[in-house]
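Structure file query.pdb with PDB, C-alpha atoms:
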```
ATOM      1  CA  MET A   1     108.962 110.499 106.624
ATOM      2  CA  SER A   2     105.944 110.404 108.893
ATOM      3  CA  GLN A   3     102.930 108.221 109.156
ATOM      4  CA  PHE A   4      99.591 109.449 107.797
ATOM      5  CA  ARG A   5      96.083 108.140 107.838
ATOM      6  CA  VAL A   6      94.087 108.936 104.697
ATOM      7  CA  ALA A   7      90.337 108.369 104.651
ATOM      8  CA  LEU A   8      88.761 107.884 101.231
ATOM      9  CA  HIS A   9      85.164 107.862 100.061
ATOM     10  CA  ILE A  10      84.360 105.843  96.970
ATOM     11  CA  ILE A  11      80.866 106.334  95.617
ATOM     12  CA  PRO A  12      78.877 105.169  92.606
ATOM     13  CA  ARG A  13      79.111 107.684  89.788
ATOM     14  CA  ARG A  14      76.201 110.078  89.742
ATOM     15  CA  GLY A  15      73.692 109.192  87.058
ATOM     16  CA  LEU A  16      74.440 105.477  87.155
ATOM     17  CA  LEU A  17      71.743 103.257  88.577
ATOM     18  CA  ASP A  18      72.498 102.620  92.273
ATOM     19  CA  PRO A  19      70.007  99.943  93.352
ATOM     20  CA  GLN A  20      71.536  99.629  96.805
ATOM     21  CA  GLY A  21      71.233 103.355  97.450
ATOM     22  CA  LYS A  22      67.677 103.310  96.179
ATOM     23  CA  ALA A  23      66.732 100.389  98.446
ATOM     24  CA  VAL A  24      68.164 102.223 101.463
ATOM     25  CA  ALA A  25      66.371 105.452 100.484
ATOM     26  CA  ASP A  26      63.071 103.550 100.218
ATOM     27  CA  ALA A  27      63.653 101.947 103.626
ATOM     28  CA  LEU A  28      64.410 105.311 105.226
ATOM     29  CA  GLN A  29      61.236 106.783 103.776
ATOM     30  CA  THR A  30      59.249 103.809 105.043
ATOM     31  CA  LEU A  31      60.660 104.529 108.495
ATOM     32  CA  GLY A  32      59.219 108.024 108.296
ATOM     33  CA  PHE A  33      62.278 109.977 107.164
ATOM     34  CA  SER A  34      60.244 111.724 104.519
ATOM     35  CA  SER A  35      62.988 114.298 103.989
ATOM     36  CA  VAL A  36      65.184 111.732 102.228
ATOM     37  CA  ARG A  37      65.606 112.496  98.522
ATOM     38  CA  ASP A  38      68.459 110.246  97.503
ATOM     39  CA  VAL A  39      70.998 107.851  99.040
ATOM     40  CA  HIS A  40      74.255 106.562  97.602
ATOM     41  CA  VAL A  41      76.034 103.621  99.161
ATOM     42  CA  GLY A  42      79.758 103.375  98.582
ATOM     43  CA  ARG A  43      82.898 102.361 100.442
ATOM     44  CA  HIS A  44      85.000 104.048 103.073
ATOM     45  CA  VAL A  45      88.657 103.041 102.853
ATOM     46  CA  VAL A  46      91.316 104.044 105.365
ATOM     47  CA  VAL A  47      94.933 103.803 104.221
ATOM     48  CA  GLU A  48      97.857 104.245 106.590
ATOM     49  CA  LEU A  49     101.033 105.197 104.802
ATOM     50  CA  GLN A  50     104.445 106.807 105.086
ATOM     51  CA  ALA A  51     104.904 110.155 103.366
ATOM     52  CA  LYS A  52     106.986 113.258 103.739
ATOM     53  CA  ASP A  53     103.980 115.523 104.282
ATOM     54  CA  ALA A  54     100.198 115.549 104.179
ATOM     55  CA  SER A  55      99.948 116.679 100.580
ATOM     56  CA  SER A  56     102.171 113.903  99.272
ATOM     57  CA  ALA A  57     100.165 111.407 101.360
ATOM     58  CA  GLU A  58      97.021 112.668  99.667
ATOM     59  CA  ARG A  59      98.619 112.522  96.223
ATOM     60  CA  GLU A  60      99.670 108.929  96.828
ATOM     61  CA  ALA A  61      96.183 107.964  98.020
ATOM     62  CA  ARG A  62      94.595 109.540  94.936
ATOM     63  CA  ALA A  63      96.882 107.455  92.727
ATOM     64  CA  MET A  64      95.752 104.350  94.649
ATOM     65  CA  CYS A  65      92.130 105.244  93.939
ATOM     66  CA  GLU A  66      92.815 105.742  90.254
ATOM     67  CA  LYS A  67      94.644 102.432  89.936
ATOM     68  CA  LEU A  68      92.730 100.090  92.220
ATOM     69  CA  LEU A  69      90.446 101.387  94.947
ATOM     70  CA  ALA A  70      87.869 102.951  92.616
ATOM     71  CA  ASN A  71      86.694 101.661  89.249
ATOM     72  CA  PRO A  72      87.222 104.530  86.789
ATOM     73  CA  VAL A  73      84.242 103.367  84.708
ATOM     74  CA  THR A  74      81.620 103.427  87.438
ATOM     75  CA  GLU A  75      82.870 105.148  90.578
ATOM     76  CA  ASP A  76      84.090 108.509  91.832
ATOM     77  CA  PHE A  77      86.246 109.077  94.873
ATOM     78  CA  GLU A  78      87.100 111.852  97.256
ATOM     79  CA  VAL A  79      89.699 112.248  99.965
ATOM     80  CA  ALA A  80      87.655 112.719 103.118
ATOM     81  CA  ASN A  81      90.481 113.339 105.536
ATOM     82  CA  VAL A  82      94.263 113.267 105.919
ATOM     83  CA  SER A  83      95.663 113.119 109.434
ATOM     84  CA  ALA A  84      98.913 112.275 111.166
ATOM     85  CA  ALA A  85      98.717 108.693 112.416
TER      86      ALA A  85
ATOM     87  CA  MET B   1      94.370  72.285  70.745
ATOM     88  CA  LYS B   2      95.304  73.155  74.291
ATOM     89  CA  PHE B   3      93.147  75.205  76.643
ATOM     90  CA  GLY B   4      94.642  76.765  79.782
ATOM     91  CA  ILE B   5      92.138  77.299  82.598
ATOM     92  CA  VAL B   6      93.288  79.801  85.207
ATOM     93  CA  THR B   7      92.444  78.879  88.786
ATOM     94  CA  PHE B   8      92.296  81.795  91.225
ATOM     95  CA  PRO B   9      91.602  81.353  94.931
ATOM     96  CA  GLY B  10      87.798  81.272  94.878
ATOM     97  CA  SER B  11      87.351  80.073  91.291
ATOM     98  CA  ASN B  12      84.648  77.399  91.263
ATOM     99  CA  CYS B  13      83.837  76.763  87.602
ATOM    100  CA  ASP B  14      87.330  75.645  86.605
ATOM    101  CA  HIS B  15      86.399  71.961  86.869
ATOM    102  CA  ASP B  16      83.191  72.401  84.853
ATOM    103  CA  THR B  17      85.251  74.141  82.184
ATOM    104  CA  PHE B  18      87.794  71.312  82.233
ATOM    105  CA  HIS B  19      84.963  68.809  81.772
ATOM    106  CA  ALA B  20      83.461  70.796  78.883
ATOM    107  CA  ILE B  21      86.783  70.943  77.048
ATOM    108  CA  THR B  22      88.081  67.442  77.663
ATOM    109  CA  ASP B  23      84.878  65.363  77.700
ATOM    110  CA  ALA B  24      82.417  67.315  75.559
ATOM    111  CA  LEU B  25      84.815  68.937  73.082
ATOM    112  CA  GLY B  26      87.492  66.222  73.242
ATOM    113  CA  GLU B  27      90.477  68.576  73.435
ATOM    114  CA  GLU B  28      93.318  69.035  75.912
ATOM    115  CA  ALA B  29      92.996  71.274  78.978
ATOM    116  CA  VAL B  30      95.342  72.205  81.802
ATOM    117  CA  TYR B  31      94.789  74.113  85.014
ATOM    118  CA  LEU B  32      97.015  77.151  85.483
ATOM    119  CA  TRP B  33      97.400  78.221  89.106
ATOM    120  CA  HIS B  34      97.183  81.998  89.374
ATOM    121  CA  LYS B  35     100.683  82.266  90.884
ATOM    122  CA  GLU B  36     102.298  80.731  87.831
ATOM    123  CA  ARG B  37     104.028  82.887  85.248
ATOM    124  CA  ASP B  38     103.800  80.536  82.310
ATOM    125  CA  LEU B  39     100.796  79.563  80.183
ATOM    126  CA  ALA B  40     102.175  76.032  79.603
ATOM    127  CA  GLY B  41     101.865  76.354  75.841
ATOM    128  CA  SER B  42      98.105  76.968  75.912
ATOM    129  CA  ASP B  43      96.496  78.144  72.663
ATOM    130  CA  VAL B  44      93.426  79.507  74.435
ATOM    131  CA  ILE B  45      93.096  80.939  77.934
ATOM    132  CA  VAL B  46      89.865  80.611  79.913
ATOM    133  CA  LEU B  47      89.184  82.786  82.948
ATOM    134  CA  PRO B  48      86.502  80.726  84.697
ATOM    135  CA  GLY B  49      83.589  81.637  86.910
ATOM    136  CA  GLY B  50      83.604  81.817  90.672
ATOM    137  CA  PHE B  51      84.342  84.351  93.366
ATOM    138  CA  SER B  52      88.041  85.059  93.043
ATOM    139  CA  TYR B  53      89.405  86.652  96.212
ATOM    140  CA  GLY B  54      85.902  86.584  97.667
ATOM    141  CA  ASP B  55      84.895  89.469  95.383
ATOM    142  CA  TYR B  56      86.792  91.731  97.813
ATOM    143  CA  LEU B  57      86.731  95.406  96.838
ATOM    144  CA  ARG B  58      84.889  94.665  93.576
ATOM    145  CA  ALA B  59      84.329  91.430  91.664
ATOM    146  CA  GLY B  60      87.533  90.710  89.737
ATOM    147  CA  ALA B  61      89.429  93.700  91.117
ATOM    148  CA  ILE B  62      92.130  91.777  92.966
ATOM    149  CA  ALA B  63      92.431  88.783  90.621
ATOM    150  CA  ARG B  64      93.798  90.965  87.885
ATOM    151  CA  PHE B  65      96.973  91.457  89.952
ATOM    152  CA  SER B  66      97.699  87.722  90.115
ATOM    153  CA  PRO B  67     101.104  86.984  88.561
ATOM    154  CA  ILE B  68      99.638  84.955  85.706
ATOM    155  CA  MET B  69      97.540  87.896  84.517
ATOM    156  CA  ASN B  70     100.655  89.567  83.065
ATOM    157  CA  GLU B  71     101.077  86.521  80.839
ATOM    158  CA  VAL B  72      97.372  86.436  79.997
ATOM    159  CA  ALA B  73      97.496  90.114  78.980
ATOM    160  CA  ALA B  74     100.605  89.480  76.845
ATOM    161  CA  HIS B  75      98.855  86.497  75.222
ATOM    162  CA  ALA B  76      95.859  88.744  74.446
ATOM    163  CA  ARG B  77      98.119  91.467  72.999
ATOM    164  CA  ARG B  78      99.623  88.867  70.661
ATOM    165  CA  GLY B  79      96.107  88.094  69.443
ATOM    166  CA  GLY B  80      95.718  84.918  71.496
ATOM    167  CA  PRO B  81      92.144  83.968  72.370
ATOM    168  CA  VAL B  82      90.907  84.669  75.905
ATOM    169  CA  LEU B  83      87.451  83.612  77.102
ATOM    170  CA  GLY B  84      86.169  85.166  80.340
ATOM    171  CA  ILE B  85      83.114  83.487  81.802
ATOM    172  CA  CYS B  86      81.090  85.184  84.576
ATOM    173  CA  ASN B  87      83.761  86.093  87.179
ATOM    174  CA  GLY B  88      86.229  85.740  84.298
ATOM    175  CA  PHE B  89      84.295  88.466  82.428
ATOM    176  CA  GLN B  90      84.509  90.672  85.523
ATOM    177  CA  ILE B  91      88.257  90.033  85.769
ATOM    178  CA  ALA B  92      88.765  90.791  82.050
ATOM    179  CA  CYS B  93      86.969  94.126  82.462
ATOM    180  CA  GLU B  94      88.970  95.025  85.577
ATOM    181  CA  ALA B  95      92.189  94.098  83.746
ATOM    182  CA  GLY B  96      91.272  96.370  80.836
ATOM    183  CA  LEU B  97      91.081  93.485  78.358
ATOM    184  CA  LEU B  98      87.451  94.467  77.735
ATOM    185  CA  PRO B  99      85.684  97.821  78.134
ATOM    186  CA  GLY B 100      83.058  98.535  80.788
ATOM    187  CA  ALA B 101      82.289  96.995  84.169
ATOM    188  CA  LEU B 102      79.888  94.536  85.803
ATOM    189  CA  LEU B 103      77.899  96.012  88.676
ATOM    190  CA  ARG B 104      75.532  94.610  91.297
ATOM    191  CA  ASN B 105      72.329  93.238  89.751
ATOM    192  CA  GLU B 106      69.573  95.800  89.605
ATOM    193  CA  SER B 107      67.347  93.535  91.751
ATOM    194  CA  LEU B 108      70.150  93.234  94.349
ATOM    195  CA  LYS B 109      69.458  89.492  94.169
ATOM    196  CA  PHE B 110      71.698  86.696  93.028
ATOM    197  CA  VAL B 111      70.126  85.252  89.870
ATOM    198  CA  SER B 112      70.503  81.560  89.125
ATOM    199  CA  GLU B 113      68.372  80.360  86.224
ATOM    200  CA  PRO B 114      68.495  79.333  82.587
ATOM    201  CA  ALA B 115      68.809  82.448  80.426
ATOM    202  CA  ARG B 116      67.858  82.835  76.804
ATOM    203  CA  LEU B 117      70.418  84.575  74.651
ATOM    204  CA  ARG B 118      70.312  85.862  71.139
ATOM    205  CA  VAL B 119      73.421  85.520  68.981
ATOM    206  CA  GLU B 120      74.031  89.064  67.721
ATOM    207  CA  ASN B 121      77.226  88.355  65.829
ATOM    208  CA  ALA B 122      78.023  84.908  64.445
ATOM    209  CA  ASP B 123      81.200  86.036  62.737
ATOM    210  CA  THR B 124      83.607  85.984  65.662
ATOM    211  CA  LEU B 125      86.299  83.674  66.930
ATOM    212  CA  PHE B 126      83.840  82.529  69.594
ATOM    213  CA  THR B 127      80.530  82.284  67.717
ATOM    214  CA  ASN B 128      81.255  81.107  64.165
ATOM    215  CA  ARG B 129      79.447  77.810  64.761
ATOM    216  CA  TYR B 130      76.179  79.594  65.532
ATOM    217  CA  VAL B 131      73.704  81.316  63.249
ATOM    218  CA  LYS B 132      73.100  85.024  63.735
ATOM    219  CA  GLY B 133      69.771  85.559  65.467
ATOM    220  CA  ALA B 134      69.700  82.061  66.977
ATOM    221  CA  ILE B 135      68.284  81.842  70.508
ATOM    222  CA  LEU B 136      70.429  79.829  72.915
ATOM    223  CA  THR B 137      69.800  78.656  76.469
ATOM    224  CA  MET B 138      72.602  78.790  79.019
ATOM    225  CA  PRO B 139      72.554  79.095  82.804
ATOM    226  CA  ILE B 140      73.335  82.360  84.525
ATOM    227  CA  ALA B 141      74.424  82.456  88.179
ATOM    228  CA  HIS B 142      75.670  85.795  89.411
ATOM    229  CA  GLY B 143      75.115  88.697  91.749
ATOM    230  CA  ASP B 144      77.146  91.245  89.799
ATOM    231  CA  GLY B 145      76.191  90.967  86.157
ATOM    232  CA  ARG B 146      74.857  94.386  85.247
ATOM    233  CA  TYR B 147      76.993  95.350  82.288
ATOM    234  CA  THR B 148      77.697  99.073  82.412
ATOM    235  CA  ALA B 149      79.656 101.418  80.180
ATOM    236  CA  ASP B 150      79.215 104.987  79.046
ATOM    237  CA  ALA B 151      76.969 105.699  76.056
ATOM    238  CA  LYS B 152      79.900 106.329  73.723
ATOM    239  CA  VAL B 153      81.423 102.926  74.478
ATOM    240  CA  LEU B 154      78.038 101.206  74.110
ATOM    241  CA  ASP B 155      77.425 102.860  70.728
ATOM    242  CA  ARG B 156      80.869 101.848  69.540
ATOM    243  CA  LEU B 157      80.406  98.240  70.717
ATOM    244  CA  GLU B 158      77.072  98.018  68.918
ATOM    245  CA  GLY B 159      78.324  99.742  65.780
ATOM    246  CA  ASP B 160      81.342  97.482  65.475
ATOM    247  CA  GLY B 161      79.472  94.237  66.113
ATOM    248  CA  GLN B 162      81.197  93.714  69.443
ATOM    249  CA  VAL B 163      77.949  92.942  71.272
ATOM    250  CA  VAL B 164      77.899  89.194  70.747
ATOM    251  CA  PHE B 165      75.083  87.998  73.029
ATOM    252  CA  ARG B 166      71.984  89.740  74.372
ATOM    253  CA  TYR B 167      69.428  88.473  76.855
ATOM    254  CA  VAL B 168      65.985  87.882  75.405
ATOM    255  CA  HIS B 169      62.746  87.150  77.122
ATOM    256  CA  GLY B 170      61.843  83.594  77.918
ATOM    257  CA  PRO B 171      60.238  81.196  77.821
ATOM    258  CA  GLY B 172      58.824  81.072  74.309
ATOM    259  CA  ASP B 173      60.402  82.393  71.210
ATOM    260  CA  SER B 174      59.917  86.069  71.810
ATOM    261  CA  ASP B 175      63.020  87.968  70.864
ATOM    262  CA  GLU B 176      62.180  90.977  72.944
ATOM    263  CA  TYR B 177      65.274  92.057  74.838
ATOM    264  CA  TRP B 178      65.329  92.176  78.593
ATOM    265  CA  SER B 179      67.942  92.120  81.318
ATOM    266  CA  PRO B 180      67.766  89.636  84.185
ATOM    267  CA  ASN B 181      70.380  91.799  85.929
ATOM    268  CA  GLY B 182      69.687  95.287  84.588
ATOM    269  CA  ALA B 183      72.524  95.119  82.055
ATOM    270  CA  MET B 184      72.638  98.145  79.783
ATOM    271  CA  ARG B 185      71.096  97.374  76.388
ATOM    272  CA  ALA B 186      70.577  93.769  77.597
ATOM    273  CA  ILE B 187      74.231  92.957  76.946
ATOM    274  CA  ALA B 188      75.247  89.449  78.021
ATOM    275  CA  GLY B 189      78.555  89.130  76.172
ATOM    276  CA  ILE B 190      81.017  91.262  74.227
ATOM    277  CA  VAL B 191      84.269  90.879  72.306
ATOM    278  CA  SER B 192      87.301  93.166  72.390
ATOM    279  CA  ASP B 193      88.202  95.613  69.626
ATOM    280  CA  ALA B 194      90.612  93.083  68.116
ATOM    281  CA  GLY B 195      88.013  90.308  68.520
ATOM    282  CA  ASN B 196      90.228  87.855  70.387
ATOM    283  CA  VAL B 197      88.888  88.404  73.922
ATOM    284  CA  MET B 198      85.288  87.552  74.787
ATOM    285  CA  GLY B 199      83.537  88.027  78.106
ATOM    286  CA  LEU B 200      80.062  86.768  78.918
ATOM    287  CA  MET B 201      78.020  86.368  82.091
ATOM    288  CA  PRO B 202      76.184  83.130  81.086
ATOM    289  CA  HIS B 203      77.946  79.796  81.572
ATOM    290  CA  PRO B 204      78.560  77.943  78.287
ATOM    291  CA  GLU B 205      80.610  75.305  80.142
ATOM    292  CA  ARG B 206      77.485  74.285  82.072
ATOM    293  CA  ALA B 207      75.527  73.839  78.845
ATOM    294  CA  VAL B 208      77.404  71.100  77.013
ATOM    295  CA  ASP B 209      75.117  68.113  77.567
ATOM    296  CA  GLU B 210      71.386  67.531  77.069
ATOM    297  CA  LEU B 211      71.400  65.748  80.411
ATOM    298  CA  LEU B 212      72.028  69.135  82.036
ATOM    299  CA  GLY B 213      69.257  70.824  80.088
ATOM    300  CA  SER B 214      71.163  72.319  77.183
ATOM    301  CA  ARG B 215      74.159  71.818  74.977
ATOM    302  CA  ASP B 216      73.938  75.278  73.451
ATOM    303  CA  GLY B 217      77.190  76.371  75.092
ATOM    304  CA  LEU B 218      79.352  73.851  73.294
ATOM    305  CA  GLY B 219      79.300  75.977  70.144
ATOM    306  CA  ILE B 220      81.563  78.552  71.785
ATOM    307  CA  PHE B 221      84.261  75.946  72.354
ATOM    308  CA  GLU B 222      83.688  74.438  68.889
ATOM    309  CA  SER B 223      83.968  77.908  67.337
ATOM    310  CA  MET B 224      87.334  78.510  68.984
ATOM    311  CA  LEU B 225      88.511  75.080  67.880
ATOM    312  CA  ALA B 226      87.392  75.704  64.285
ATOM    313  CA  ARG B 227      89.154  79.063  64.108
ATOM    314  CA  VAL B 228      92.320  78.414  66.127
ATOM    315  CA  ALA B 229      93.075  74.903  64.949
ATOM    316  CA  ALA B 230      92.507  75.892  61.300
TER     317      ALA B 230
END
```

Now, as a test, write the supplied structure out as structure tokens.
Amino acid sequence: MSQFRVALHIIPRRGLLDPQGKAVADALQTLGFSSVRDVHVGRHVVVELQAKDASSAEREARAMCEKLLANPVTEDFEVANVSAA
Amino acid sequence: MKFGIVTFPGSNCDHDTFHAITDALGEEAVYLWHKERDLAGSDVIVLPGGFSYGDYLRAGAIARFSPIMNEVAAHARRGGPVLGICNGFQIACEAGLLPGALLRNESLKFVSEPARLRVENADTLFTNRYVKGAILTMPIAHGDGRYTADAKVLDRLEGDGQVVFRYVHGPGDSDEYWSPNGAMRAIAGIVSDAGNVMGLMPHPERAVDELLGSRDGLGIFESMLARVAA
């Protein structure tokens, strides 16, 4: 077993109203970033865990997202990075 | 009849609920610490308002793993009544006792004000002492009250009479729906498929005495008493 560090992105599901993202997008446009089309604000979660290899570390982290870290009704998640810790 | 009020770290409406049940309704209530594994013979379980676990991760997300929640879920599966108020509604959704989720208010602001609610179904365990269509006033106080579910779930809830309370415009007697928090279809409260779990964002336990501006919330407790004690 080795130690891994899995970085996860949890974001509001596309199509659902994201008032926080919209407020940030408006603020960026006010600052002059006229290129901004849309912003989504979510969470970045880093989990350190023991696993036999990187792919089982990722599988474990995905199960954590499905059961707790993301709400299946309103959020999507993606594994941003898996690295040896 | 005995009500069990679950206290999580961060619950802050447990005492108001205790007062509503013991002083206004005149029934027995006990506090159930979240680490306990026994409902102490309670007929009804109340998940009270507050900020359990500081709303870490998502409102209600961590509270559902408290030891007592296994017992609460078993009680619900047996058909036992469960009332989730505000944070309790969020916990019930996270625990899968009710469909959907409560998201950050559309305004991004905490709303604390009297809300006007329309009784959409007066034939439930929780609303049988009201008249369908009646307009009630109860306080709301939340930052994450935007009820959200996919269209299929919303259609099913509406079709099966599971939408129990909706927000309506106030003041005045207009019955035009609106959402103080951006809730889909102005939903303020719903019941489960089996009808024995209700979640609502407004606070009936803070509306049990004219001195506090309204006693419209007492009917929820009276309804449970009428149905369960019968």

Go through the shown structure with the PyMOL selection byres ((chain A) within 9 of (chain B)) and write out the matching residues as a list in words. Leu16, Leu17, Asp18, Pro19, Gln20, Ala23, Arg43, Leu68, Leu69, Ala70, Asn71, Val73 and Thr74 of chain A

Quick check, in Å to one decimal: how far apart do CA of Ala115 (chain B) and CA of Pro202 (chain B) lie?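 Interatomic distance here is 7.4 Å.
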
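With only C-alpha atoms as the basis for measurement, A:Asn81 is the residue among A:Gln50, A:Ser55, A:Asn81, A:Ser34 that approaches His9 (chain A) most closely.
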
So how many Å separate CA of Leu49 (chain A) and CA of Glu66 (chain A), to one decimal? 16.7 Å

I need every residue sitting at most 7 Å from the point (88.7, 82.3, 91.3) (coordinates as in the file, only C-alpha atoms considered), written as a list in words. Thr7, Phe8, Pro9, Gly10, Ser11, Asn12, Gly49, Gly50, Phe51, Ser52 and Tyr53 of chain B

Quick one: distance from CA of Arg118 (chain B) to CA of Tyr167 (chain B) in Å, one decimal? 6.3 Å

Would you list the residues near (81.9, 83.1, 64.8), meaning any protein, DNA or RNA residue with an atom at most 10 Å from that point in file coordinates, counting only C-alpha atoms, as a ChimeraX atom specification? /B:119,121-132,164,219-220,222-224,226-227

Residues near Phe165 (chain B), cut-off 10 Å, all atoms listed in the file, skip fewer than 3 positions along chain, as a PDB file with C-alpha atoms, in the coordinates of the input:
```pdb
ATOM      1  CA  ARG B 116      67.858  82.835  76.804  1.00  0.00           C
ATOM      2  CA  LEU B 117      70.418  84.575  74.651  1.00  0.00           C
ATOM      3  CA  ARG B 118      70.312  85.862  71.139  1.00  0.00           C
ATOM      4  CA  VAL B 119      73.421  85.520  68.981  1.00  0.00           C
ATOM      5  CA  GLU B 120      74.031  89.064  67.721  1.00  0.00           C
ATOM      6  CA  ASN B 121      77.226  88.355  65.829  1.00  0.00           C
ATOM      7  CA  ALA B 122      78.023  84.908  64.445  1.00  0.00           C
ATOM      8  CA  THR B 127      80.530  82.284  67.717  1.00  0.00           C
ATOM      9  CA  LYS B 132      73.100  85.024  63.735  1.00  0.00           C
ATOM     10  CA  GLY B 133      69.771  85.559  65.467  1.00  0.00           C
ATOM     11  CA  ILE B 135      68.284  81.842  70.508  1.00  0.00           C
ATOM     12  CA  LEU B 136      70.429  79.829  72.915  1.00  0.00           C
ATOM     13  CA  GLN B 162      81.197  93.714  69.443  1.00  0.00           C
ATOM     14  CA  VAL B 168      65.985  87.882  75.405  1.00  0.00           C
ATOM     15  CA  ALA B 186      70.577  93.769  77.597  1.00  0.00           C
ATOM     16  CA  ILE B 187      74.231  92.957  76.946  1.00  0.00           C
ATOM     17  CA  ALA B 188      75.247  89.449  78.021  1.00  0.00           C
ATOM     18  CA  GLY B 189      78.555  89.130  76.172  1.00  0.00           C
ATOM     19  CA  ILE B 190      81.017  91.262  74.227  1.00  0.00           C
ATOM     20  CA  VAL B 191      84.269  90.879  72.306  1.00  0.00           C
ATOM     21  CA  GLY B 199      83.537  88.027  78.106  1.00  0.00           C
ATOM     22  CA  LEU B 200      80.062  86.768  78.918  1.00  0.00           C
ATOM     23  CA  MET B 201      78.020  86.368  82.091  1.00  0.00           C
ATOM     24  CA  PRO B 202      76.184  83.130  81.086  1.00  0.00           C
TER      25      PRO B 202
END
```
